[in-house]
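Student: input.cif is reproduced in full below (mmCIF, C-alpha atoms).
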```
data_entry
loop_
_atom_site.label_atom_id
_atom_site.label_comp_id
_atom_site.auth_asym_id
_atom_site.auth_seq_id
_atom_site.Cartn_x
_atom_site.Cartn_y
_atom_site.Cartn_z
CA MET Y 1 -37.16 9.99 3.38
CA GLY Y 2 -35.72 13.40 4.12
CA ALA Y 3 -35.98 16.12 1.52
CA GLN Y 4 -32.21 16.62 1.49
CA LEU Y 5 -31.58 12.94 0.89
CA ARG Y 6 -34.03 12.88 -2.01
CA VAL Y 7 -32.21 15.78 -3.68
CA TYR Y 8 -28.87 13.96 -3.39
CA LYS Y 9 -30.31 10.74 -4.76
CA ARG Y 10 -31.71 12.55 -7.75
CA ARG Y 11 -28.38 14.22 -8.52
CA ILE Y 12 -26.48 10.94 -8.21
CA LYS Y 13 -28.86 9.38 -10.69
CA SER Y 14 -28.42 12.15 -13.24
CA VAL Y 15 -24.62 12.22 -12.89
CA THR Y 16 -24.50 8.43 -13.31
CA ALA Y 17 -26.46 8.75 -16.55
CA THR Y 18 -24.09 11.45 -17.78
CA LYS Y 19 -21.10 9.31 -16.87
CA LYS Y 20 -22.45 6.44 -18.93
CA ILE Y 21 -22.78 8.74 -21.94
CA THR Y 22 -19.31 10.24 -21.63
CA LYS Y 23 -17.82 6.80 -21.13
CA ALA Y 24 -19.48 5.58 -24.33
CA MET Y 25 -18.25 8.65 -26.23
CA GLU Y 26 -14.74 8.06 -24.93
CA MET Y 27 -14.78 4.52 -26.23
CA ILE Y 28 -16.18 5.53 -29.63
CA ALA Y 29 -13.53 8.23 -29.98
CA ALA Y 30 -10.78 5.78 -29.01
CA SER Y 31 -11.78 3.37 -31.76
CA ARG Y 32 -12.05 6.20 -34.27
CA VAL Y 33 -8.56 7.47 -33.48
CA VAL Y 34 -7.13 4.10 -34.45
CA LYS Y 35 -9.12 4.10 -37.67
CA ALA Y 36 -8.08 7.65 -38.52
CA GLN Y 37 -4.43 6.86 -37.79
CA ARG Y 38 -4.61 3.90 -40.12
CA LYS Y 39 -5.95 6.16 -42.84
CA VAL Y 40 -3.08 8.60 -42.29
CA GLN Y 41 -0.66 5.73 -42.72
CA ALA Y 42 -2.42 4.43 -45.82
CA SER Y 43 -2.12 7.83 -47.48
CA THR Y 44 1.57 8.21 -46.67
CA PRO Y 45 3.07 6.25 -49.62
CA TYR Y 46 1.23 8.43 -52.13
CA ALA Y 47 2.28 11.60 -50.35
CA THR Y 48 5.95 10.63 -50.12
CA GLU Y 49 6.14 9.49 -53.75
CA LEU Y 50 4.44 12.66 -54.86
CA THR Y 51 6.75 14.84 -52.77
CA ARG Y 52 9.74 13.05 -54.25
CA ALA Y 53 8.43 13.64 -57.76
CA VAL Y 54 7.76 17.32 -57.07
CA THR Y 55 11.29 17.80 -55.75
CA ALA Y 56 12.71 16.01 -58.76
CA VAL Y 57 10.87 18.18 -61.28
CA ALA Y 58 11.23 21.46 -59.46
CA THR Y 59 14.97 21.04 -59.03
CA GLY Y 60 15.46 19.44 -62.43
CA ALA Y 61 13.49 21.97 -64.41
CA ASN Y 62 15.36 25.11 -65.23
CA ASP Y 63 12.41 27.30 -66.05
CA LYS Y 64 10.56 28.92 -63.19
CA HIS Y 65 6.99 27.93 -62.57
CA PRO Y 66 4.56 30.43 -61.06
CA LEU Y 67 3.71 27.99 -58.29
CA THR Y 68 7.28 27.53 -57.15
CA THR Y 69 8.55 31.07 -57.34
CA GLU Y 70 7.71 33.67 -54.77
CA ALA Y 71 5.97 36.76 -55.99
CA GLU Y 72 8.22 39.76 -55.62
CA ASN Y 73 5.60 41.71 -53.82
CA PRO Y 74 2.95 39.39 -52.38
CA THR Y 75 -0.23 41.31 -51.68
CA ARG Y 76 -2.84 38.63 -51.09
CA ALA Y 77 -2.73 35.37 -49.20
CA ALA Y 78 -5.22 32.57 -48.67
CA VAL Y 79 -5.49 30.81 -45.32
CA LEU Y 80 -7.14 27.41 -45.10
CA LEU Y 81 -8.23 26.51 -41.59
CA LEU Y 82 -9.22 22.97 -40.66
CA THR Y 83 -11.56 22.54 -37.71
CA SER Y 84 -14.13 19.89 -36.83
CA ASP Y 85 -17.88 19.78 -37.29
CA ARG Y 86 -18.59 18.77 -33.76
CA GLY Y 87 -17.36 20.06 -30.44
CA LEU Y 88 -16.83 18.13 -27.20
CA ALA Y 89 -13.16 17.93 -27.98
CA GLY Y 90 -11.62 20.14 -25.32
CA ALA Y 91 -9.52 22.97 -26.71
CA PHE Y 92 -9.09 21.29 -30.11
CA ASN Y 93 -11.04 23.80 -32.18
CA SER Y 94 -10.15 26.91 -30.21
CA ASN Y 95 -6.45 26.08 -30.52
CA ALA Y 96 -6.70 25.71 -34.28
CA ILE Y 97 -8.74 28.90 -34.57
CA LYS Y 98 -6.28 30.76 -32.34
CA ALA Y 99 -3.36 29.64 -34.51
CA ALA Y 100 -5.24 30.78 -37.62
CA GLU Y 101 -6.08 34.16 -36.10
CA GLN Y 102 -2.43 34.64 -35.20
CA LEU Y 103 -1.36 33.81 -38.74
CA ILE Y 104 -3.98 36.13 -40.22
CA ARG Y 105 -2.82 38.97 -37.97
CA LYS Y 106 0.78 38.32 -38.98
CA LEU Y 107 -0.05 38.30 -42.69
CA GLU Y 108 -2.11 41.45 -42.36
CA GLY Y 109 0.78 43.03 -40.46
CA GLU Y 110 2.92 42.32 -43.50
CA GLY Y 111 0.43 44.26 -45.56
CA LYS Y 112 -1.26 41.33 -47.27
CA GLY Y 113 -4.97 40.94 -47.78
CA VAL Y 114 -6.18 37.62 -46.41
CA ASP Y 115 -8.84 35.33 -47.88
CA ILE Y 116 -10.11 32.89 -45.30
CA TYR Y 117 -11.18 29.36 -46.26
CA VAL Y 118 -12.62 27.20 -43.48
CA VAL Y 119 -13.39 23.51 -43.11
CA GLY Y 120 -15.67 22.38 -40.28
CA ARG Y 121 -18.80 23.84 -38.68
CA ARG Y 122 -16.93 25.04 -35.59
CA GLY Y 123 -14.61 27.27 -37.54
CA VAL Y 124 -17.43 28.54 -39.74
CA ALA Y 125 -19.50 29.39 -36.64
CA HIS Y 126 -16.54 31.27 -35.15
CA PHE Y 127 -16.16 33.54 -38.16
CA ASN Y 128 -19.88 33.93 -38.78
CA PHE Y 129 -20.41 35.01 -35.18
CA ARG Y 130 -17.83 37.74 -35.66
CA GLU Y 131 -19.43 38.60 -38.99
CA ARG Y 132 -16.23 38.11 -40.93
CA LYS Y 133 -16.40 37.16 -44.56
CA LEU Y 134 -15.25 33.72 -45.58
CA ALA Y 135 -14.00 33.13 -49.09
CA ASP Y 136 -15.38 29.62 -48.96
CA SER Y 137 -16.25 26.93 -46.42
CA TRP Y 138 -16.91 23.21 -46.34
CA THR Y 139 -18.67 21.14 -43.68
CA GLY Y 140 -20.01 17.67 -43.12
CA PHE Y 141 -17.06 15.35 -43.63
CA THR Y 142 -14.48 16.17 -40.96
CA ASP Y 143 -14.98 12.91 -39.07
CA GLU Y 144 -14.04 10.75 -42.02
CA PRO Y 145 -12.57 12.81 -44.84
CA THR Y 146 -12.07 11.20 -48.26
CA TYR Y 147 -9.72 12.11 -51.07
CA ALA Y 148 -12.68 13.49 -53.01
CA ASP Y 149 -13.25 15.98 -50.18
CA ALA Y 150 -9.64 17.12 -50.41
CA LYS Y 151 -10.07 17.55 -54.17
CA LYS Y 152 -13.19 19.62 -53.60
CA ILE Y 153 -11.30 21.91 -51.24
CA GLY Y 154 -8.21 22.12 -53.41
CA GLU Y 155 -10.06 23.16 -56.55
CA PRO Y 156 -10.95 26.78 -55.67
CA LEU Y 157 -7.64 27.24 -53.86
CA ILE Y 158 -5.60 26.23 -56.88
CA GLU Y 159 -7.83 28.37 -59.05
CA ALA Y 160 -7.23 31.34 -56.78
CA ILE Y 161 -3.47 30.91 -56.81
CA GLU Y 162 -3.35 30.59 -60.58
CA LYS Y 163 -5.34 33.79 -61.06
CA ASP Y 164 -3.71 37.19 -61.13
CA THR Y 165 -3.83 39.11 -57.89
CA ALA Y 166 -5.56 41.96 -59.62
CA GLU Y 167 -8.45 39.64 -60.56
CA GLY Y 168 -8.94 38.36 -57.04
CA GLY Y 169 -6.23 35.73 -57.03
CA VAL Y 170 -3.75 35.11 -54.24
CA ASP Y 171 0.04 34.92 -54.08
CA GLU Y 172 0.39 32.58 -51.14
CA LEU Y 173 -1.49 29.64 -49.72
CA HIS Y 174 -1.23 28.81 -46.05
CA ILE Y 175 -2.84 25.97 -44.18
CA VAL Y 176 -3.61 25.71 -40.46
CA TYR Y 177 -4.43 22.29 -39.06
CA THR Y 178 -3.90 20.17 -35.98
CA GLU Y 179 -0.99 17.81 -36.24
CA PHE Y 180 -1.40 14.42 -34.64
CA VAL Y 181 1.79 13.95 -32.63
CA SER Y 182 0.60 11.20 -30.31
CA MET Y 183 -2.52 10.08 -28.46
CA MET Y 184 -1.78 12.69 -25.79
CA THR Y 185 -0.32 15.50 -27.87
CA GLN Y 186 -1.91 17.31 -30.79
CA THR Y 187 -0.57 20.68 -31.84
CA ALA Y 188 -2.06 23.29 -34.09
CA VAL Y 189 0.45 24.01 -36.83
CA GLU Y 190 0.60 26.35 -39.79
CA ALA Y 191 2.43 25.70 -43.01
CA ARG Y 192 2.86 27.46 -46.31
CA LEU Y 193 1.77 25.21 -49.14
CA LEU Y 194 2.47 27.56 -52.02
CA PRO Y 195 4.70 28.90 -53.32
CA LEU Y 196 6.74 25.81 -52.63
CA SER Y 197 9.90 26.27 -50.71
CA LEU Y 198 12.03 23.47 -52.09
CA ASP Y 199 14.28 23.09 -49.07
CA GLU Y 200 11.34 22.21 -46.89
CA VAL Y 201 9.91 19.82 -49.44
CA ALA Y 202 13.25 18.10 -49.76
CA LYS Y 203 13.54 17.86 -45.98
CA GLU Y 204 10.11 16.27 -45.83
CA ALA Y 205 11.00 13.75 -48.49
CA GLY Y 206 13.96 12.89 -46.32
CA GLN Y 207 16.47 13.12 -49.11
CA GLN Y 208 19.36 15.46 -48.58
CA ASP Y 209 21.46 13.81 -51.25
CA THR Y 210 22.87 16.40 -53.58
CA LEU Y 211 23.02 14.14 -56.62
CA ARG Y 212 19.60 13.68 -58.15
CA PRO Y 213 19.09 11.73 -61.34
CA LEU Y 214 18.65 13.73 -64.50
CA TYR Y 215 15.06 13.04 -65.44
CA ASP Y 216 13.62 12.73 -68.87
CA PHE Y 217 10.27 14.50 -68.78
CA GLU Y 218 7.27 13.26 -70.63
CA PRO Y 219 5.83 15.37 -72.32
CA SER Y 220 7.85 18.29 -70.89
CA ALA Y 221 9.10 19.48 -67.52
CA GLU Y 222 6.67 22.34 -67.48
CA ASP Y 223 3.66 20.18 -68.32
CA VAL Y 224 4.65 17.64 -65.70
CA LEU Y 225 4.97 20.33 -63.07
CA ASP Y 226 1.64 21.83 -64.16
CA ALA Y 227 0.00 18.47 -63.57
CA LEU Y 228 1.95 17.61 -60.44
CA LEU Y 229 1.47 20.70 -58.31
CA PRO Y 230 -2.33 20.61 -58.03
CA ARG Y 231 -2.07 16.92 -57.06
CA TYR Y 232 0.60 17.85 -54.54
CA VAL Y 233 -1.62 20.50 -52.98
CA GLU Y 234 -4.55 18.07 -52.87
CA SER Y 235 -2.47 15.39 -51.26
CA ARG Y 236 -1.18 17.84 -48.65
CA ILE Y 237 -4.75 18.96 -47.91
CA TYR Y 238 -5.86 15.32 -47.71
CA ASN Y 239 -3.07 14.53 -45.29
CA ALA Y 240 -3.94 17.59 -43.18
CA LEU Y 241 -7.62 16.59 -43.15
CA LEU Y 242 -6.75 13.10 -41.96
CA GLN Y 243 -4.38 14.36 -39.28
CA SER Y 244 -6.94 16.88 -38.15
CA SER Y 245 -9.61 14.21 -37.87
CA ALA Y 246 -7.27 11.88 -35.93
CA SER Y 247 -6.40 14.77 -33.63
CA LYS Y 248 -10.04 15.64 -33.14
CA HIS Y 249 -10.89 12.10 -32.09
CA ALA Y 250 -7.90 11.96 -29.75
CA ALA Y 251 -8.92 15.28 -28.21
CA THR Y 252 -12.50 14.03 -27.81
CA ARG Y 253 -11.26 10.87 -26.17
CA ARG Y 254 -9.20 12.85 -23.69
CA ALA Y 255 -11.98 15.33 -22.95
CA MET Y 256 -14.49 12.52 -22.46
CA LYS Y 257 -12.09 10.60 -20.26
CA SER Y 258 -11.68 13.54 -17.92
CA ALA Y 259 -15.44 14.12 -17.99
CA THR Y 260 -15.96 10.48 -16.99
CA ASP Y 261 -13.36 10.80 -14.23
CA ASN Y 262 -14.97 13.98 -12.95
CA ALA Y 263 -18.41 12.37 -12.98
CA GLY Y 264 -17.03 9.45 -10.95
CA GLU Y 265 -15.57 11.84 -8.41
CA LEU Y 266 -18.83 13.76 -8.23
CA ILE Y 267 -20.73 10.53 -7.62
CA THR Y 268 -18.38 9.58 -4.76
CA ASN Y 269 -18.79 12.95 -3.10
CA LEU Y 270 -22.56 12.99 -3.56
CA THR Y 271 -22.83 9.44 -2.20
CA ARG Y 272 -20.92 10.52 0.92
CA LEU Y 273 -23.20 13.53 1.37
CA ALA Y 274 -26.28 11.37 0.81
CA ASN Y 275 -25.05 8.88 3.42
CA ALA Y 276 -24.45 11.68 5.89
CA ALA Y 277 -27.93 13.07 5.21
CA ARG Y 278 -29.49 9.64 5.69
CA GLN Y 279 -27.57 9.18 8.93
CA ALA Y 280 -28.72 12.59 10.12
CA ASP Y 281 -32.31 11.63 9.29
CA ILE Y 282 -32.03 8.41 11.26
CA THR Y 283 -30.39 10.15 14.22
CA GLN Y 284 -33.14 12.73 14.24
CA GLU Y 285 -35.83 10.06 14.08
CA ILE Y 286 -34.26 8.14 16.99
CA SER Y 287 -33.94 11.25 19.10
CA GLU Y 288 -37.56 12.13 18.27
CA ILE Y 289 -38.69 8.66 19.38
CA VAL Y 290 -36.56 8.79 22.53
CA GLY Y 291 -37.79 12.28 23.27
CA GLY Y 292 -41.39 11.21 22.62
CA THR Y 293 -41.22 8.19 24.95
CA ALA Y 294 -39.57 10.26 27.66
CA ALA Y 295 -42.30 12.88 27.41
CA LEU Y 296 -44.95 10.14 27.42
CA ALA Y 297 -43.31 8.49 30.45
CA ASP Y 298 -43.19 11.82 32.26
CA ALA Y 299 -46.84 12.44 31.51
CA THR Y 300 -48.05 9.02 32.77
CA ALA Y 301 -45.82 9.30 35.83
CA GLY Y 302 -47.49 12.65 36.57
CA SER Y 303 -51.06 11.30 36.19
CA ASP Y 304 -50.38 8.33 38.49
CA LYS Y 305 -50.06 10.53 41.49
CA MET L 1 18.88 -13.63 -63.45
CA ALA L 2 17.44 -10.91 -65.54
CA ALA L 3 17.58 -7.38 -64.23
CA GLU L 4 14.56 -6.29 -62.28
CA LEU L 5 12.93 -3.09 -61.34
CA HIS L 6 10.98 -2.38 -58.21
CA VAL L 7 7.43 -1.16 -58.82
CA GLU L 8 5.20 0.74 -56.42
CA LEU L 9 1.65 1.35 -57.59
CA VAL L 10 0.02 3.72 -55.14
CA ALA L 11 -3.40 5.35 -55.06
CA ALA L 12 -4.21 8.42 -52.99
CA ASP L 13 -5.51 6.43 -50.05
CA ARG L 14 -3.70 3.11 -50.28
CA SER L 15 -0.82 1.20 -51.75
CA VAL L 16 -2.29 -0.94 -54.53
CA TRP L 17 0.57 -3.17 -55.65
CA SER L 18 4.28 -3.41 -55.10
CA GLY L 19 6.85 -5.90 -56.21
CA GLU L 20 9.60 -6.74 -58.68
CA ALA L 21 8.97 -6.60 -62.39
CA THR L 22 10.82 -6.91 -65.68
CA LEU L 23 8.62 -4.68 -67.79
CA VAL L 24 6.02 -2.00 -67.17
CA ILE L 25 3.83 -0.57 -69.90
CA ALA L 26 1.86 2.59 -69.21
CA ARG L 27 0.12 5.23 -71.27
CA THR L 28 1.50 8.75 -70.95
CA THR L 29 0.04 11.83 -72.54
CA SER L 30 2.44 11.44 -75.45
CA GLY L 31 1.85 7.75 -76.04
CA ASP L 32 2.42 4.30 -74.63
CA ILE L 33 5.72 3.80 -72.94
CA GLY L 34 7.48 0.62 -71.88
CA VAL L 35 9.98 0.74 -69.05
CA MET L 36 12.55 -1.97 -68.52
CA PRO L 37 15.37 -2.13 -66.00
CA GLY L 38 18.11 0.36 -66.77
CA HIS L 39 15.78 2.83 -68.46
CA GLN L 40 16.85 6.42 -68.20
CA PRO L 41 15.28 8.41 -65.35
CA LEU L 42 11.80 9.39 -66.40
CA LEU L 43 8.93 11.45 -65.09
CA GLY L 44 5.72 11.53 -67.05
CA VAL L 45 2.05 12.38 -66.86
CA LEU L 46 -0.23 9.37 -67.25
CA GLU L 47 -3.42 9.17 -69.23
CA SER L 48 -6.33 7.20 -67.90
CA GLY L 49 -5.71 3.71 -69.12
CA PRO L 50 -4.57 0.25 -68.26
CA VAL L 51 -1.08 -0.29 -66.91
CA THR L 52 0.55 -3.65 -67.57
CA ILE L 53 3.22 -4.97 -65.24
CA ARG L 54 5.16 -8.11 -66.15
CA THR L 55 6.41 -9.47 -62.85
CA SER L 56 9.71 -11.25 -62.48
CA GLU L 57 7.84 -14.53 -61.96
CA GLY L 58 6.43 -14.15 -65.46
CA ALA L 59 2.93 -13.29 -64.35
CA THR L 60 1.11 -10.25 -65.68
CA VAL L 61 -0.60 -7.70 -63.48
CA VAL L 62 -3.02 -5.29 -65.10
CA ALA L 63 -4.38 -2.25 -63.34
CA ALA L 64 -6.76 0.52 -64.34
CA VAL L 65 -5.19 3.88 -63.57
CA HIS L 66 -7.16 7.11 -63.69
CA GLY L 67 -4.74 9.96 -64.24
CA GLY L 68 -1.51 10.27 -62.33
CA PHE L 69 2.21 10.07 -62.84
CA ILE L 70 4.96 7.66 -63.62
CA SER L 71 8.41 8.24 -62.20
CA PHE L 72 11.44 6.04 -62.69
CA ALA L 73 14.96 6.33 -61.33
CA ASP L 74 17.61 3.89 -60.09
CA ASP L 75 15.51 0.89 -61.16
CA LYS L 76 12.69 2.04 -58.92
CA LEU L 77 9.45 2.83 -60.61
CA SER L 78 6.50 4.49 -58.96
CA LEU L 79 3.07 4.87 -60.43
CA LEU L 80 1.00 7.51 -58.67
CA ALA L 81 -2.69 7.74 -59.30
CA GLU L 82 -5.61 9.28 -57.55
CA ILE L 83 -7.58 6.15 -58.30
CA ALA L 84 -5.98 2.84 -59.23
CA GLU L 85 -7.51 -0.61 -59.27
CA LEU L 86 -6.11 -3.99 -60.11
CA ALA L 87 -7.98 -5.71 -62.94
CA ASP L 88 -8.74 -8.57 -60.57
CA GLU L 89 -10.58 -6.19 -58.28
CA ILE L 90 -12.78 -4.80 -60.99
CA ASP L 91 -16.27 -6.11 -61.36
CA ALA L 92 -16.69 -6.26 -65.14
CA GLN L 93 -20.46 -6.38 -65.03
CA ARG L 94 -20.62 -3.41 -62.74
CA ALA L 95 -18.26 -1.47 -64.98
CA GLU L 96 -20.43 -2.31 -67.99
CA ARG L 97 -23.53 -1.11 -66.20
CA ALA L 98 -21.67 2.05 -65.19
CA LEU L 99 -20.66 2.56 -68.81
CA GLU L 100 -24.22 2.30 -70.03
CA ARG L 101 -25.42 4.63 -67.33
CA ALA L 102 -22.69 7.12 -68.11
CA LYS L 103 -23.56 6.98 -71.80
CA SER L 104 -27.23 7.65 -71.17
CA ASP L 105 -26.36 10.47 -68.75
CA SER L 106 -23.70 11.70 -71.20
CA ASP L 107 -21.26 11.95 -68.29
CA ALA L 108 -17.97 11.95 -70.17
CA ALA L 109 -15.75 11.50 -67.11
CA ALA L 110 -17.70 8.53 -65.79
CA GLU L 111 -17.84 7.02 -69.26
CA ARG L 112 -14.08 7.24 -69.59
CA ARG L 113 -13.56 5.73 -66.14
CA ALA L 114 -15.81 2.79 -66.96
CA GLU L 115 -14.11 2.28 -70.31
CA VAL L 116 -10.68 2.21 -68.72
CA ARG L 117 -11.88 -0.38 -66.24
CA LEU L 118 -13.29 -2.56 -68.99
CA ARG L 119 -10.12 -2.28 -71.04
CA ALA L 120 -8.09 -3.34 -68.01
CA VAL L 121 -10.35 -6.35 -67.53
CA ALA L 122 -10.06 -7.23 -71.22
CA ALA L 123 -6.25 -7.07 -71.04
CA ARG L 124 -6.16 -9.39 -68.03
#
```
Could you spell out this file's structure in structure tokens?

Tutor:
Amino acid sequence: MGAQLRVYKRRIKSVTATKKITKAMEMIAASRVVKAQRKVQASTPYATELTRAVTAVATGANDKHPLTTEAENPTRAAVLLLTSDRGLAGAFNSNAIKAAEQLIRKLEGEGKGVDIYVVGRRGVAHFNFRERKLADSWTGFTDEPTYADAKKIGEPLIEAIEKDTAEGGVDELHIVYTEFVSMMTQTAVEARLLPLSLDEVAKEAGQQDTLRPLYDFEPSAEDVLDALLPRYVESRIYNALLQSSASKHAATRRAMKSATDNAGELITNLTRLANAARQADITQEISEIVGGTAALADATAGSDK
Amino acid sequence: MAAELHVELVAADRSVWSGEATLVIARTTSGDIGVMPGHQPLLGVLESGPVTIRTSEGATVVAAVHGGFISFADDKLSLLAEIAELADEIDAQRAERALERAKSDSDAAAERRAEVRLRAVAAR
């Protein structure tokens, strides 16, 4: 076998092995997307009910709560960025990081100090590599986030927003995550969680009706709001975590699908080249044999004389 | 037909129970409260404790609710809880074991959770 042919054969074998792996990863990601989507749907009733309750209290209560009113002069903001632990998901993580960087630049342009909170090893690695300080980070659960994870993330954030700015607290809380639009489309979005802007919350709850019932609060409007808002933040973080994980799996599926397609194309091309090399080998062998016999025939013809 | 109210009992990650009911009893921070159809709009903070729902068929559904909220308006009642379990789903023996473990570890939160579960089972 010709040396060239052997090289082609070896490459075909390695690409075939790679293709098998990417194909398997594609299939795993596809099944995980469905699972993640189901989790997003399962968490929706809680989120909508909670949003409705928050709107009801915040509009019904006359007194202003620190978490619903904007600071007159916001000086510090917290940004929570959701990325994934693992790569191989195309531009998924870099898009989210880019959106976060843009937001951070914008906030800093407005003269606010920014505390960065990151979820997912990819995001942590990005900021560590640039030697930028993170206020806090969490890793290890981005594939299948639970409500307890969201609680864990929410705790220091709520603490920071309740503290005075002078003591290291923040005035605003932003979140950057990847919204799951469809299997093919996932977009990195940013949203301000706190202070609440009630119009947006009301829009989300899908209730534009001007007449809301006059609630009786138990024990008091302020206490209810105090208890509600942390839960609201947690539920929003939970929802973002789930969306982000669904998006990550969808992105992985797409990236692995194109990797599988590319590997298939590569195999076709390499097979063609290998065939050509084999044909060239055979042609050369035949011409060597023909040449050899002709030379032999010439030699014997010469000696006969 | 007696008036009914629609109840949605939802936990953070799933919808636990929904249906029509004639009476719902829950424990708020300021005491037990019973809600019947036509109650005035209400929004309250729940304590950990059992929630009793009398369905319109006359059956009784008991659930263990760990913190959360009750909101009622227009004969629609929603119970929001981070963790909520129907009494039928609770394994009494497991809860008892958890209670003992929590007591020996002096883990107050776990002890309370286990107690609420057992109370819900007892009320079944």

Student: Can you check which residues of chain Y have any atom within 12 Å of chain L? Use all atoms listed in the file and format it as a PyMOL selection string.

Tutor: chain Y and resi 36+38-58+60-61+145-148+150-151+212-232+234-239+242

Student: When the PyMOL selection byres ((chain L and resi 55) around 10) is applied to the file above, which residues end up in the set, as a short mmCIF file (atom, residue, chain, number, x, y, z; two decimals) with C-alpha atoms, in the coordinates of the input?

Tutor:
```cif
data_model
loop_
_atom_site.label_atom_id
_atom_site.label_comp_id
_atom_site.auth_asym_id
_atom_site.auth_seq_id
_atom_site.Cartn_x
_atom_site.Cartn_y
_atom_site.Cartn_z
CA GLU L 4 14.56 -6.29 -62.28
CA LEU L 5 12.93 -3.09 -61.34
CA HIS L 6 10.98 -2.38 -58.21
CA VAL L 7 7.43 -1.16 -58.82
CA GLY L 19 6.85 -5.90 -56.21
CA GLU L 20 9.60 -6.74 -58.68
CA ALA L 21 8.97 -6.60 -62.39
CA THR L 22 10.82 -6.91 -65.68
CA LEU L 23 8.62 -4.68 -67.79
CA VAL L 24 6.02 -2.00 -67.17
CA THR L 52 0.55 -3.65 -67.57
CA ILE L 53 3.22 -4.97 -65.24
CA ARG L 54 5.16 -8.11 -66.15
CA SER L 56 9.71 -11.25 -62.48
CA GLU L 57 7.84 -14.53 -61.96
CA GLY L 58 6.43 -14.15 -65.46
CA ALA L 59 2.93 -13.29 -64.35
CA THR L 60 1.11 -10.25 -65.68
CA VAL L 61 -0.60 -7.70 -63.48
#
```

Student: Restricting the calculation to only C-alpha atoms: of Y:Ala299, Y:Leu103, Y:Met256, Y:Leu273, which residue gets closest to Gly87 in chain Y?

Tutor: Y:Met256

Student: How far is it from CA of Asn262 in chain Y to CA of Lys19 in chain Y, in Å with one decimal?

Tutor: 8.6 Å

Student: Taking the file above as input, evaluate the PyMOL selection byres ((chain Y and resi 180) around 12) and report the hits as a ChimeraX atom specification.

Tutor: /Y:33-34,36-37,40-41,92,177-179,181-189,239-251

Student: Would you mind reading off the distance between CA of Val79 in chain Y and CA of Asp115 in chain Y, one decimal, in Å?

Tutor: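 So the answer is 6.2 Å.
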
Student: Counting all atoms listed in the file, what is within 7 Å of Ala95 in chain L, bar same-chain residues fewer than 2 positions away, as a list in words?

Tutor: Asp91, Ala92, Gln93, Arg97, Ala98, Leu99, Ala114, Arg117 and Leu118 of chain L

Student: So the first atom is CA of Leu88 in chain Y and the second is CA of Ala255 in chain Y; what is the distance between them in Å, to one decimal place?

Tutor: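 Spanning CA of Leu88 in chain Y to CA of Ala255 in chain Y is a straight-line distance of 7.0 Å.
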
Student: Given the file shown, enumerate the residues that the PyMOL selection byres ((chain Y and resi 3) around 12) captures and present them as a PyMOL selection string.

Tutor: chain Y and resi 1-2+4-10+274+277-278+280-281

Student: Pull C-alpha atoms from the residues just selected and write them as a compact mmCIF listing (two decimals), in the coordinates of the input.

Tutor:
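Result went into selection30.txt, see below:
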```txt
# COMPACT_ATOMS: atom_id res chain seq x y z
CA MET Y 1 -37.16 9.99 3.38
CA GLY Y 2 -35.72 13.40 4.12
CA GLN Y 4 -32.21 16.62 1.49
CA LEU Y 5 -31.58 12.94 0.89
CA ARG Y 6 -34.03 12.88 -2.01
CA VAL Y 7 -32.21 15.78 -3.68
CA TYR Y 8 -28.87 13.96 -3.39
CA LYS Y 9 -30.31 10.74 -4.76
CA ARG Y 10 -31.71 12.55 -7.75
CA ALA Y 274 -26.28 11.37 0.81
CA ALA Y 277 -27.93 13.07 5.21
CA ARG Y 278 -29.49 9.64 5.69
CA ALA Y 280 -28.72 12.59 10.12
CA ASP Y 281 -32.31 11.63 9.29
```

Student: For range 25-27 of chain Y, find every residue with an atom within 9 Å (counting only C-alpha atoms), except residues of its own chain fewer than 4 positions away, and show them as a PyMOL selection string.

Tutor: chain Y and resi 20-21+31-32+252-257+260

Student: If I put a ball of radius 6 Å at (-14.9, 22.9, -44.0) in the file's coordinates, which residues poke into it when counting all atoms listed in the file, written as a VMD selection string?

Tutor: chain Y and resid 118 to 120 137 to 139

Student: Any chance you can output those residues with C-alpha atoms as a PDB file, in the frame of the given file?

Tutor:
```
ATOM      1  CA  VAL Y 118     -12.620  27.200 -43.480  1.00  0.00           C
ATOM      2  CA  VAL Y 119     -13.390  23.510 -43.110  1.00  0.00           C
ATOM      3  CA  GLY Y 120     -15.670  22.380 -40.280  1.00  0.00           C
ATOM      4  CA  SER Y 137     -16.250  26.930 -46.420  1.00  0.00           C
ATOM      5  CA  TRP Y 138     -16.910  23.210 -46.340  1.00  0.00           C
ATOM      6  CA  THR Y 139     -18.670  21.140 -43.680  1.00  0.00           C
TER       7      THR Y 139
END
```

Student: Of the candidates Y:Gly113, Y:Asp143, Y:Ala99, Y:Asn73, which one gets nearest to Arg86 in chain Y if we count only C-alpha atoms?

Tutor: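 Comparing Y:Gly113, Y:Asp143, Y:Ala99, Y:Asn73 against Arg86 in chain Y, the winner is Y:Asp143.
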
Student: Taking the point (-9.3, 29.4, -40.0) as given in the file, collect each protein or nucleic acid residue that comes within 6 Å of it, counting all atoms listed in the file, and present the set as JSON, numbers by chain.

Tutor: {"Y": [80, 81, 97, 100, 118]}

Student: Store the residues picked out above, limited to C-alpha atoms, as an mmCIF file, in the coordinates of the input.

Tutor:
```
data_model
loop_
_atom_site.group_PDB
_atom_site.id
_atom_site.type_symbol
_atom_site.label_atom_id
_atom_site.label_comp_id
_atom_site.auth_asym_id
_atom_site.auth_seq_id
_atom_site.Cartn_x
_atom_site.Cartn_y
_atom_site.Cartn_z
ATOM 1 C CA LEU Y 80 -7.140 27.410 -45.100
ATOM 2 C CA LEU Y 81 -8.230 26.510 -41.590
ATOM 3 C CA ILE Y 97 -8.740 28.900 -34.570
ATOM 4 C CA ALA Y 100 -5.240 30.780 -37.620
ATOM 5 C CA VAL Y 118 -12.620 27.200 -43.480
#
```
